[in-house]
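Data block below; observations after.
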Amino acid sequence: MAKKRKFKGHKVPKQQLRKNVIIQRIVDYFNANPIEPVNYKQVSAGIGATLQADRLMVAEVLDLLHLEEFLVDAGHGKYRLKNVGSVMEGTFERRHNGKNSFIPDGGGTPIFVAERNSLYAMNKDRVKVQILAMRKGRDPEAVVLEILQRVTDTVVGVLEVSQYYAYLIVDSKTFSNDIFIPRDKLKNGKSGDKAVVKITEWPEKAKNPVGEVIDVLGSVGNNQAEMHAILVEFGLPYKYPDAVEKAARKIPSKITKEDVAEREDFRQTPTFTIDPKDAKDYDDALSLKQLPNGNWEIGVHIADVSHYVKPGSIIDKEASERATSVYLVDRVVPMLPEKLSNELCSLRPHEDKLCFSAVFELDNDARVKNYRIVRTVIHSDRRMDYDEAQAIIERNHPENDSDKMVLELHRLAQILRTRRYANGAINFERAEVKFEIDENGKPLSVYFKEAKESNQLIEEFMLLANKTVAEAIGKVAKGKKAKTFVYRVHDVPNPDKLTTFAQFIRRFGYKLKDKGEARDISRSINNLLNEVQGKKEQNLIEIVAIRSMAKAVYTTINIGHYGLGYPYYTHFTSPIRRYPDLMVHRLLERYLAGGRSVSEEKLEEDCKHCSEMEALAAQAERTSIKYKQVEFMSDKIGQVFDGVISGVTEWGLYVEINENHCEGMIPMRDLTDDYYEFDEKTYSLIGHGSKRRFSLGDPLRIRVVRANLEKKQLDFTME
């Protein structure tokens with residue numbers, strides 16, 4: 001049965017409202033005092049019911065809760081709680097609307113935590129809770145008993161300073177309480193400044209915590225301040241500690257004879273890099289030479305970060321904590337200090353560089369005949385960006401040896417790509433939203449960046465290297481146990497989500513196989529994604545398809561990578577910007593030298609941390625894009641656009657503008673012609689009287705009415 005919610009209804013009588021309040025107070029009272037039997041007079045005193053009418057209502061409610069088996073009769077007119085809830089540990093999730101929840105360790109159904117029972121836990125804090133006794137037919141609730149581990153005690157927002165007091169108006173959507181700041185703790189912040197504030201205390205029964213300013217980011221609307229504020233909002237660093245930068249500067253730049261002696265020397269083998277035009281951290285290079293037997297030797301050379309960053313060092317600890325570089329709309333916040341990411345480890349042209357390499361022998365049909373994983377020293381002959389490489393591919397007429405290399409690698413890459421899709425990989429390539437930005441960070445235009453053959457060239461050889469490294473460690477003879485390793489896994493789709501997706505696309509006239517062998521399902525998804533190319537519903541169907549899939553994560557437990565169609569897969573090719581790749585390099589060094597397996601428990605903890613940080617970085621990137629979209633639309637108030645419904649929720653309709661993919665909302669309050677019920681199963685709002693239906697994918701003509709930069713929100717109205 002689809003979940004439905006009404007948004008208008010009959011007015012509740014005052015007497016019933018009063019009774020509801022007393023019921024809740026009594027439930028809270030017994031959950032706080034579960035053992036001692038009490039009578040109606042004691043309960044009345046305990047909840048502050050002093051009026052005779054309220055005391056009579058208490059007696060009535062006690063009888064009701066006894067009938068519901070929430071309470072048991074303890075004799076002599078006394079009652080006590082029937083069930084004392086279990087104590088559990090897990091994660092607290094805070095919501096701006098007060099609908100907080102507790103997620104038990106190991107997963108499970110979220111349990112509601114009322115604000116009064118939250119102990120002021122912050123979002124993602126580890127907590128110990130007690131599950132409260134439940135009334136019949138009600139969802140379970142929990143009360144926080146203890147905060148086991150604070151994830152953060154800092155928040156970001158806008159200062160409001162007066163003569164006698166100051167507050168921080170918090171940006172976060174998961175935190176609704178403004179923070180009181182003593183005037184001597186402002187750090188020279190003034191009204192309208194974006195600031196980072198540390199919560200220093202939260203007095204019992206006080207609505208607002210007390211804090212102090214630890215950094216002033218700049219004025220509201222300043223691009224630097226806003227981007228840093230987004231990073232702080234997600235608990236991500238926005239600057240490097242001086243001690244880490246200093247340690248990086250002390251690392252010797254010179255490659256010694258001893259370094260070269262213990263490596264395979266590729267400096268005479270033609271080698272090049274292909275990266276985005278504005279990239280500075282070149283962490284992969286390709287080499288190519290033809291062997292006497294006519295086969296091709298292809299080297300996938302990856303910056304040897306592990307040579308410079310030693311386990312337990314101050315640089316390593318910082319990189320481990322960050323776990324990933326963060327890519328915002330206008331900048332990269334690197335995992336490693338610039339001395340490493342852009343200099344020592346970057347495979348810059350015409351410089352000797354240390355690498356960890358996967359070297360392949362491929363025949364003319366791009367079949368791997370042999371491979372080796374070795375430490376190397378290389379010398380890149382040429383640095384290309386993707387546009388340059390694409391021009392060579394499209395021209396298809398080599399002007400020099402490196403052009404010939406590009407064309408041969410392109411030919412082999414396309415064979416690898418075709419074979420990969422035939423073996424069950426899913427083609428989830430989507431155009432990226434990009435902005436043309438001026439020197440002040442203001443977005444001037446929106447454009448869409450699509451992956452072309454030059455991107456595919458690099459992608460296929462990186463995939464081949466990652467897959468081969470995972471197989472080298474994980475694929476062992478029958479009866480033997482593989483050594484503990486870091487895998488990048490992607491689970492099969494949830495059958496219910498896949499069925500819902502198949503039902504959703506039928507309205508557009510498409511079909512999807514949602515049952516059967518994994519390879520058949522992935523082939524059906526690919527056929528669908530090819531079929532929607534160039535259609536007006538393409539973007540929407542691609543988004544919903546991705547939402548139907550599981551999320552890829554890092555783990556020591558290998559279940560394969562469904563999206564790529566690989567039984568073994570890892571991340572080896574980007575150690576400058578991903579900590580799991582650095583972990584993989586260190587494990588390779590250990591195992592290739594015959595070392596024993598590492599602790600699975602410790603490595604799994606590290607994998608989980610990396611997956612969590614990757615998810616936070618992705619959220620920050622999406623938020624920065626959203627900010628720029630709102631900023632881009634802020635001078636278009638009153639203009640009319642064609643769009644498509646991209647989201648349907650209980651609070652309104654999300655609409656994506658066709659020409660620039662900027663998304664805004666038509667709030668439920670603006671749908672005044674009827675009152676609407678939300679049908680979760682069909683992604684629809686349905687008018688109670690008119691039966692008018694708004695569904696995901698429906699075209700709408702909208703007018704832009706508000707652009708709120710602080711909330712990063714666009715509001716539309718229907719034309």
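Ligands are numbered from 1 in the order shown, residues from 1 within each chain, and chains are lettered A, B, ... in the order they appear in the structure tokens.
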
- Message: To test your reading of the structure, identify every residue in region 327-553 of chain A that backbone DSSP assigns to strand (DSSP E), and report it as a VMD selection string.
- Response: chain A and resid 327 to 328 331 to 333 352 to 362 368 to 379 382 to 385 432 to 437 443 to 449 487 to 489 553

Keeping only N, CA and C atoms, write those residues as a short mmCIF file (atom, residue, chain, number, x, y, z; two decimals), in the first residue's frame.
```cif
data_model
loop_
_atom_site.label_atom_id
_atom_site.label_comp_id
_atom_site.auth_asym_id
_atom_site.auth_seq_id
_atom_site.Cartn_x
_atom_site.Cartn_y
_atom_site.Cartn_z
N TYR A 327 36.30 18.15 -4.27
CA TYR A 327 36.17 18.93 -5.49
C TYR A 327 34.90 19.78 -5.42
N LEU A 328 35.09 21.06 -5.09
CA LEU A 328 33.96 21.98 -5.11
C LEU A 328 33.84 22.58 -6.51
N ARG A 331 37.05 24.87 -7.08
CA ARG A 331 38.36 24.62 -6.47
C ARG A 331 38.51 23.16 -6.08
N VAL A 332 39.76 22.79 -5.82
CA VAL A 332 40.07 21.48 -5.24
C VAL A 332 40.68 21.72 -3.87
N VAL A 333 40.18 21.03 -2.87
CA VAL A 333 40.79 21.04 -1.54
C VAL A 333 41.55 19.72 -1.42
N ASP A 352 61.98 13.37 -14.01
CA ASP A 352 61.99 12.00 -13.51
C ASP A 352 61.03 11.90 -12.33
N LYS A 353 60.22 10.84 -12.32
CA LYS A 353 59.25 10.65 -11.24
C LYS A 353 59.20 9.19 -10.82
N LEU A 354 58.95 8.97 -9.52
CA LEU A 354 58.83 7.63 -8.96
C LEU A 354 57.38 7.17 -9.03
N CYS A 355 57.18 5.92 -9.49
CA CYS A 355 55.82 5.41 -9.69
C CYS A 355 55.68 3.98 -9.17
N PHE A 356 54.42 3.61 -8.96
CA PHE A 356 54.02 2.21 -8.77
C PHE A 356 53.23 1.89 -10.03
N SER A 357 53.61 0.85 -10.76
CA SER A 357 53.07 0.66 -12.10
C SER A 357 52.47 -0.73 -12.29
N ALA A 358 51.41 -0.77 -13.08
CA ALA A 358 50.87 -2.03 -13.60
C ALA A 358 51.25 -2.06 -15.08
N VAL A 359 52.08 -3.03 -15.46
CA VAL A 359 52.60 -3.10 -16.83
C VAL A 359 51.99 -4.31 -17.52
N PHE A 360 51.36 -4.08 -18.67
CA PHE A 360 50.60 -5.12 -19.37
C PHE A 360 51.22 -5.44 -20.72
N GLU A 361 51.13 -6.71 -21.09
CA GLU A 361 51.36 -7.11 -22.48
C GLU A 361 50.00 -7.43 -23.09
N LEU A 362 49.62 -6.63 -24.08
CA LEU A 362 48.33 -6.81 -24.75
C LEU A 362 48.56 -7.19 -26.21
N VAL A 368 44.87 -9.38 -22.45
CA VAL A 368 46.05 -9.36 -21.59
C VAL A 368 46.75 -10.72 -21.67
N LYS A 369 47.97 -10.71 -22.16
CA LYS A 369 48.76 -11.94 -22.27
C LYS A 369 49.67 -12.12 -21.04
N ASN A 370 50.01 -10.99 -20.42
CA ASN A 370 50.90 -11.04 -19.26
C ASN A 370 50.81 -9.70 -18.54
N TYR A 371 51.18 -9.69 -17.27
CA TYR A 371 51.26 -8.40 -16.55
C TYR A 371 52.22 -8.52 -15.40
N ARG A 372 52.69 -7.39 -14.92
CA ARG A 372 53.51 -7.34 -13.71
C ARG A 372 53.20 -6.03 -12.98
N ILE A 373 53.31 -6.08 -11.65
CA ILE A 373 53.08 -4.89 -10.81
C ILE A 373 54.41 -4.56 -10.16
N VAL A 374 54.99 -3.43 -10.53
CA VAL A 374 56.36 -3.13 -10.13
C VAL A 374 56.51 -1.65 -9.78
N ARG A 375 57.53 -1.37 -8.99
CA ARG A 375 57.91 0.03 -8.75
C ARG A 375 58.81 0.48 -9.89
N THR A 376 58.61 1.72 -10.36
CA THR A 376 59.30 2.20 -11.55
C THR A 376 59.79 3.63 -11.36
N VAL A 377 60.62 4.08 -12.30
CA VAL A 377 60.94 5.49 -12.45
C VAL A 377 60.62 5.83 -13.90
N ILE A 378 59.92 6.96 -14.12
CA ILE A 378 59.48 7.33 -15.46
C ILE A 378 59.93 8.76 -15.77
N HIS A 379 59.76 9.12 -17.05
CA HIS A 379 60.04 10.49 -17.49
C HIS A 379 59.00 10.82 -18.56
N ARG A 382 55.36 14.23 -22.57
CA ARG A 382 54.36 15.21 -23.02
C ARG A 382 53.19 15.24 -22.05
N ARG A 383 52.70 16.43 -21.79
CA ARG A 383 51.49 16.63 -20.99
C ARG A 383 50.38 17.12 -21.91
N MET A 384 49.30 16.34 -22.01
CA MET A 384 48.15 16.73 -22.83
C MET A 384 46.93 16.94 -21.94
N ASP A 385 46.04 17.83 -22.38
CA ASP A 385 44.73 17.87 -21.73
C ASP A 385 43.76 17.05 -22.60
N GLU A 432 28.33 16.38 -16.82
CA GLU A 432 28.55 17.12 -15.57
C GLU A 432 28.13 18.57 -15.75
N VAL A 433 27.48 19.12 -14.72
CA VAL A 433 27.13 20.55 -14.72
C VAL A 433 28.37 21.35 -14.36
N LYS A 434 28.74 22.29 -15.21
CA LYS A 434 29.91 23.14 -14.98
C LYS A 434 29.51 24.60 -15.12
N PHE A 435 30.31 25.48 -14.51
CA PHE A 435 30.04 26.91 -14.56
C PHE A 435 31.23 27.66 -15.13
N GLU A 436 30.94 28.65 -15.96
CA GLU A 436 31.96 29.64 -16.31
C GLU A 436 31.91 30.69 -15.21
N ILE A 437 33.03 30.91 -14.53
CA ILE A 437 33.06 31.75 -13.33
C ILE A 437 34.06 32.88 -13.52
N PRO A 443 29.09 33.10 -11.08
CA PRO A 443 28.81 32.27 -12.26
C PRO A 443 28.24 33.10 -13.41
N LEU A 444 28.87 32.98 -14.57
CA LEU A 444 28.43 33.75 -15.74
C LEU A 444 27.55 32.92 -16.67
N SER A 445 27.82 31.62 -16.72
CA SER A 445 27.01 30.74 -17.58
C SER A 445 27.11 29.31 -17.07
N VAL A 446 26.18 28.47 -17.53
CA VAL A 446 26.16 27.06 -17.19
C VAL A 446 26.42 26.27 -18.47
N TYR A 447 27.27 25.25 -18.37
CA TYR A 447 27.46 24.37 -19.52
C TYR A 447 27.59 22.93 -19.02
N PHE A 448 27.54 22.00 -19.96
CA PHE A 448 27.55 20.58 -19.60
C PHE A 448 28.74 19.89 -20.24
N LYS A 449 29.52 19.22 -19.40
CA LYS A 449 30.74 18.57 -19.86
C LYS A 449 30.48 17.07 -20.01
N TYR A 487 39.00 -3.49 -1.08
CA TYR A 487 38.24 -3.64 -2.32
C TYR A 487 37.26 -2.47 -2.48
N ARG A 488 37.00 -2.15 -3.71
CA ARG A 488 35.94 -1.20 -4.05
C ARG A 488 34.78 -2.04 -4.55
N VAL A 489 33.71 -2.12 -3.77
CA VAL A 489 32.61 -3.03 -4.11
C VAL A 489 31.33 -2.25 -4.43
N VAL A 553 31.30 1.24 -2.16
CA VAL A 553 32.00 1.54 -0.90
C VAL A 553 33.33 0.78 -0.87
#
```

- Please run DSSP on the backbone and report, as a ChimeraX atom specification, all residues within region 137-225 of chain A that come out as helix (DSSP H, G or I). /A:183-185,223-225

- Residue neighbourhood region 621-623 of chain A, 7 Å, only C-alpha atoms, exclusion window fewer than 3 positions, as an MDAnalysis selection string: chainID A and resid 327:329 617:618 626:627

Using only C-alpha atoms, find each residue of region 156-262 of chain A with at least one atom at most 12 Å away from an atom of region 143-151 of chain A; report its shortest atom-to-atom pair and that distance in Å (one decimal), sort the rows by chain and rising residue number, and return the result as JSON lines.
```
{"residue": "A:Ile199", "atom": "CA", "partner": "A:Arg150", "partner_atom": "CA", "distance": 11.5}
{"residue": "A:Phe234", "atom": "CA", "partner": "A:Val151", "partner_atom": "CA", "distance": 10.8}
{"residue": "A:Gly235", "atom": "CA", "partner": "A:Val151", "partner_atom": "CA", "distance": 8.5}
{"residue": "A:Leu236", "atom": "CA", "partner": "A:Val151", "partner_atom": "CA", "distance": 11.6}
```

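Residues surrounding region 612-615 of chain A within 9 Å are Leu236, Glu321, Arg322, Ala323, Thr324, Ser325, Val326, Val553, Arg578, Cys607, Lys608, Gln619 and Ala620 of chain A [only C-alpha atoms; sequence separation below 4 positions excluded].
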
- Message: Ranking A:Thr50, A:Gln224, A:Gln456, A:Ser599 by minimum distance to Arg417 (chain A) and counting only C-alpha atoms, which one comes first?
- Response: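 Closest to Arg417 (chain A), using only C-alpha atoms: A:Gln456.
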